[in-house]
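Heads up, the thing below is written out as structure tokens.
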Amino acid sequence: MKISITTKLFLAVLATAVLAVVAMGAASRWNFERGFVGYLNEQGVERLDAVVPNAAAAYRLNGSWDFLRDNPRPWFEIMRPAPSASGEHFEPGRSPALVSDLTGAVLRISLLDVDRRVIIGFRDVRKGAVERAVVVDGKTVGWVVMMPFQSVSEAGDQRFQKNQLRASWVIGSLCVLLAAGIAWWIARVLLAPVKRVATATHRLAAGDYASRVAVASHDEVGQLARDFNSLANTLQRNEQMRREFMADVSHELRTPLGVLHGELEAMEDGVRRLDAQAVRSLQHEVGMLNQLVTDLYDLSLADVGALAYRKADVDVRDLLEPSLDAFRERLASAGLRLELALPAQPLVVFADERRMQQLFSNLVLNTCRYTDAGGVLRIEAREDGDRIAIDLMDSAPGIDEALLPRLFERFFRGEGSRNRASGGAGLGLAICRSIVEAHDGTIEAKASPLGGVWIAIRMPRA
């Protein structure tokens with residue numbers, strides 16, 4: 001049978017309280033019995049010591065113990081407290097004044113002769129009795145003994161013990177009831193938010209990413225609810241991004257495949273001739289497919305941390321110049337002017353040369369695709385404290401400032417300025433971000449003073 005956490009906590013707290021009360025009651029009873037019986041025995045020994053001088057005085061007065069045989073009255077007189085510490089005088093008729101008389105100790109005292117035979121008093125003398133010798137003129141004439149209490153036996157003592165136990169059990173029962181109330185409160189009030197989180201977690205696991213938990217406190221339980229809501233937001237966003245990603249990938253793959261399929265059908269039906277122009281068109285679409293698959297592969301490797309990097313100390317100037325040389329002709333054909341501002345001193349970073357060239361190539365290609373003819377691309381590199389600053393600024397068209405942080409999202413295209421007709425799938429800047437972050441750097445998109453986009457890269461110096 002499944003037991004809820006509320007029931008478990010209630011039973012745990014209640015059981016702990018019951019065990020504590022039972023242990024406390026048992027310990028109190030054991031301690032009471034031991035202590036009380038010990039107290040009674042101490043009083044009895046005290047009473048026994050008071051009888052010894054009286055017995056010696058009575059023996060000296062009568063010359064033997066014969067006056068006590070079958071005559072209890074003189075024994076009662078002997079049992080009275082001694083008149084003085086020395087015990088030299090025996091005066092009958094005094095009133096008892098010792099507390100031990102109230103404990104029943106006098107009923108357990110016996111008088112033995114020299115041969116340890118009982119003369120008068122308690123008859124059941126066994127091993128373990130407390131003994132005191134009766135000495136007259138330097139000679140032992142008898143023994144006064146007392147059997148110690150083994151347990152509470154007197155009616156008054158038993159009533160006192162029962163009252164003590166009854167009070168202990170009443171207090172213990174009240175403690176158990178109080179613990180049950182506290183356990184119920186904890187189980188119902190404190191665990192209610194935890195149960196809400198558990199219910200929401202079950203819904204979240206079932207695919208309901210819109211599930212949220214109300215935050216009702218600022219303690220650890222409230223922090224748990226806030227963390228759950230943050231997790232749900234992340235999962236919901238990731239699920240939305242996954243769906244968008246799958247839709248974008250399928251769209252990007254279908255477009256060139258559709259063009260290829262249409263071109264091939266047209267050639268098969270004789271609508272279009274298989275000439276150099278048709279082959280170039282097919283190669284263009286195949287090239288786009290190949291580039292898309294390559295970019296997706298690189299991003300998948302970056303996501304799992306498997307994108308290979310072979311880092312070494314390299315000069316940023318030596319990386320920029322080959323990348324720009326490969327695009328000078330394309331920049332010129334697009335009507336774009338290149339402005340390059342590099343310092344004379346080396347700008348050394350600890351980086352993978354091939355990945356850095358891929359980074360710069362993607363950024364320059366981005367400018368070639370989306371910058372209007374007659375514009376300019378300005379590239380600057382410099383030292384910025386303990387970092388190397390690399391800025392790429394192009395001219396119009398620009399992007400709405402609210403959309404700039406999304407430039408590095410996969411398949412994102414800004415309104416108007418970025419579209420598929422320009423030839424990009426929207427993965428180049430996402431790959432650029434992965435490369436920069438793998439080098440412990442930062443990449444940011446801002447509005448360019450030239451009217452376009454400003455890509456600011458900051459990397460640690462070697």
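FYI, nothing fancy with the structure tokens labels: chains A, B, ... in order, residues from 1 per chain, ligands from 1 as they appear.
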As a list of chain:residue names, please: every residue in segment 57-288 of chain A that a backbone DSSP assignment puts in strand (DSSP E).
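Restricting segment 57-288 of chain A to strand (DSSP E) produces A:Ile109, A:Ser110, A:Leu111, A:Leu112, A:Val118, A:Ile119, A:Ile120, A:Gly121, A:Val130, A:Glu131, A:Arg132, A:Ala133, A:Val134, A:Val135, A:Val136, A:Lys139, A:Thr140, A:Val141, A:Gly142, A:Trp143, A:Val144, A:Val145, A:Met146.
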Quick one: residues within 9 Å of Leu365 of chain A, only C-alpha atoms counted, chain neighbours fewer than 2 positions away excluded, as a ChimeraX atom specification?
/A:327,330-331,360-363,367-370,428
To one decimal place in Å, what is the distance between atom CA of Asn163 of chain A and atom CA of Asn41 of chain A?
20.9 Å
DSSP-assigned helix (DSSP H, G or I) members of segment 106-308 of chain A, reported as a PyMOL selection string:
chain A and resi 106-108+155-205+220-268+276-303
Near segment 266-272 of chain A, counting only C-alpha atoms, which residues have an atom at most 12 Å away, once you skip same-chain residues fewer than 6 positions from it, shown as number ranges by chain?
A: 259-260, 278-279, 281-282
Could you state the separation of atom CA of Ala179 of chain A and atom CA of Phe10 of chain A in Å, given to one decimal place?
9.4 Å
If we count only C-alpha atoms, what is near segment 123-128 of chain A at a cut-off of 10 Å, once residues fewer than 2 positions away on the same chain are taken out, given as a PyMOL selection string?
chain A and resi 108-112+116-121+130-131+145-148
Preceding selection exported with N, CA and C atoms as a PDB file, in the first residue's frame:
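Wrote part-v8.pdb, looks like this:
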```pdb
ATOM      1  N   ARG A 108      11.328  -4.339  60.421  1.00  0.00           N
ATOM      2  CA  ARG A 108      12.276  -5.238  59.793  1.00  0.00           C
ATOM      3  C   ARG A 108      13.561  -5.372  60.619  1.00  0.00           C
ATOM      4  N   ILE A 109      13.519  -4.873  61.859  1.00  0.00           N
ATOM      5  CA  ILE A 109      14.696  -4.949  62.747  1.00  0.00           C
ATOM      6  C   ILE A 109      14.536  -6.142  63.689  1.00  0.00           C
ATOM      7  N   SER A 110      15.626  -6.852  63.892  1.00  0.00           N
ATOM      8  CA  SER A 110      15.628  -8.038  64.773  1.00  0.00           C
ATOM      9  C   SER A 110      16.782  -7.926  65.760  1.00  0.00           C
ATOM     10  N   LEU A 111      16.610  -8.639  66.904  1.00  0.00           N
ATOM     11  CA  LEU A 111      17.664  -8.743  67.903  1.00  0.00           C
ATOM     12  C   LEU A 111      18.121 -10.197  67.942  1.00  0.00           C
ATOM     13  N   LEU A 112      19.429 -10.412  67.754  1.00  0.00           N
ATOM     14  CA  LEU A 112      19.992 -11.755  67.766  1.00  0.00           C
ATOM     15  C   LEU A 112      20.911 -11.885  68.973  1.00  0.00           C
ATOM     16  N   ARG A 116      23.618 -15.818  67.147  1.00  0.00           N
ATOM     17  CA  ARG A 116      22.850 -15.335  65.986  1.00  0.00           C
ATOM     18  C   ARG A 116      21.490 -16.028  65.872  1.00  0.00           C
ATOM     19  N   ARG A 117      20.898 -16.308  67.020  1.00  0.00           N
ATOM     20  CA  ARG A 117      19.530 -16.795  67.026  1.00  0.00           C
ATOM     21  C   ARG A 117      18.614 -15.615  67.308  1.00  0.00           C
ATOM     22  N   VAL A 118      17.449 -15.625  66.643  1.00  0.00           N
ATOM     23  CA  VAL A 118      16.526 -14.500  66.794  1.00  0.00           C
ATOM     24  C   VAL A 118      15.902 -14.524  68.179  1.00  0.00           C
ATOM     25  N   ILE A 119      16.027 -13.415  68.893  1.00  0.00           N
ATOM     26  CA  ILE A 119      15.408 -13.293  70.219  1.00  0.00           C
ATOM     27  C   ILE A 119      14.031 -12.672  70.073  1.00  0.00           C
ATOM     28  N   ILE A 120      13.954 -11.574  69.320  1.00  0.00           N
ATOM     29  CA  ILE A 120      12.693 -10.862  69.148  1.00  0.00           C
ATOM     30  C   ILE A 120      12.803  -9.999  67.897  1.00  0.00           C
ATOM     31  N   GLY A 121      11.651  -9.624  67.353  1.00  0.00           N
ATOM     32  CA  GLY A 121      11.626  -8.766  66.169  1.00  0.00           C
ATOM     33  C   GLY A 121      11.351  -9.550  64.883  1.00  0.00           C
ATOM     34  N   VAL A 130      21.619  -6.065  57.214  1.00  0.00           N
ATOM     35  CA  VAL A 130      22.554  -5.083  57.779  1.00  0.00           C
ATOM     36  C   VAL A 130      22.698  -5.377  59.262  1.00  0.00           C
ATOM     37  N   GLU A 131      23.924  -5.514  59.716  1.00  0.00           N
ATOM     38  CA  GLU A 131      24.179  -5.935  61.097  1.00  0.00           C
ATOM     39  C   GLU A 131      24.931  -4.849  61.866  1.00  0.00           C
ATOM     40  N   VAL A 145      20.018  -6.493  63.780  1.00  0.00           N
ATOM     41  CA  VAL A 145      20.077  -6.620  62.312  1.00  0.00           C
ATOM     42  C   VAL A 145      18.800  -6.064  61.694  1.00  0.00           C
ATOM     43  N   MET A 146      18.909  -5.700  60.440  1.00  0.00           N
ATOM     44  CA  MET A 146      17.743  -5.208  59.686  1.00  0.00           C
ATOM     45  C   MET A 146      17.787  -5.757  58.265  1.00  0.00           C
ATOM     46  N   MET A 147      16.682  -6.292  57.812  1.00  0.00           N
ATOM     47  CA  MET A 147      16.569  -6.731  56.423  1.00  0.00           C
ATOM     48  C   MET A 147      16.262  -5.512  55.550  1.00  0.00           C
ATOM     49  N   PRO A 148      17.089  -5.232  54.543  1.00  0.00           N
ATOM     50  CA  PRO A 148      16.838  -4.054  53.698  1.00  0.00           C
ATOM     51  C   PRO A 148      15.625  -4.266  52.806  1.00  0.00           C
TER      52      PRO A 148
END
```
Which is closer to Ala57 of chain A than all the others in A:Glu285, A:Asp113, A:Asp70, A:Asp137, using only C-alpha atoms?
A:Asp137
Students should find that atom CA of Glu329 of chain A and atom CA of Arg280 of chain A are spaced 19.9 Å
Taking 2 positions as the minimum chain separation for residues in the same chain, which residues sit within 10 Å of Trp184 of chain A when counting only C-alpha atoms? Answer as a list in words.
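What passes the distance filter is Thr6, Thr7, Leu9, Phe10, Leu11, Val13, Leu14, Leu178, Ala179, Ala180, Gly181, Ile182, Ile186, Ala187, Arg188, Val189 and Leu190 of chain A.
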Skip Glu252 of chain A itself and residues of its chain fewer than 3 positions away, then list as a PyMOL selection string all residues within 8 Å of it, counting only C-alpha atoms.
chain A and resi 248-249+255-256+292+425
Any chance you can output those residues with N, CA and C atoms as an mmCIF file, in the first residue's frame?
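part.cif written:
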```cif
data_model
loop_
_atom_site.group_PDB
_atom_site.id
_atom_site.type_symbol
_atom_site.label_atom_id
_atom_site.label_comp_id
_atom_site.auth_asym_id
_atom_site.auth_seq_id
_atom_site.Cartn_x
_atom_site.Cartn_y
_atom_site.Cartn_z
ATOM 1 N N ASP A 248 12.357 24.463 -38.774
ATOM 2 C CA ASP A 248 13.297 25.204 -39.621
ATOM 3 C C ASP A 248 14.189 24.261 -40.420
ATOM 4 N N VAL A 249 14.669 23.199 -39.767
ATOM 5 C CA VAL A 249 15.537 22.253 -40.470
ATOM 6 C C VAL A 249 14.780 21.601 -41.625
ATOM 7 N N THR A 255 13.471 23.058 -49.168
ATOM 8 C CA THR A 255 13.559 24.052 -50.231
ATOM 9 C C THR A 255 14.554 23.648 -51.323
ATOM 10 N N PRO A 256 15.831 23.376 -51.002
ATOM 11 C CA PRO A 256 16.743 22.965 -52.079
ATOM 12 C C PRO A 256 16.374 21.610 -52.681
ATOM 13 N N LEU A 292 24.354 23.407 -45.349
ATOM 14 C CA LEU A 292 23.397 23.278 -44.257
ATOM 15 C C LEU A 292 23.705 22.056 -43.399
ATOM 16 N N ALA A 425 21.103 30.144 -44.181
ATOM 17 C CA ALA A 425 20.111 29.338 -43.462
ATOM 18 C C ALA A 425 19.929 29.821 -42.035
#
```
Of the candidates A:Ala447, A:Ile457, A:Val45, A:Val376, which one gets nearest to Ile390 of chain A if we count only C-alpha atoms?
A:Ile457
Any idea what's packed within 8 Å of Met393 of chain A, counting only C-alpha atoms, ignoring anything in its chain fewer than 3 positions away? Could you give it as JSON, numbers by chain?
{"A": [377, 378, 379, 448, 449, 450, 452, 453, 454, 455]}
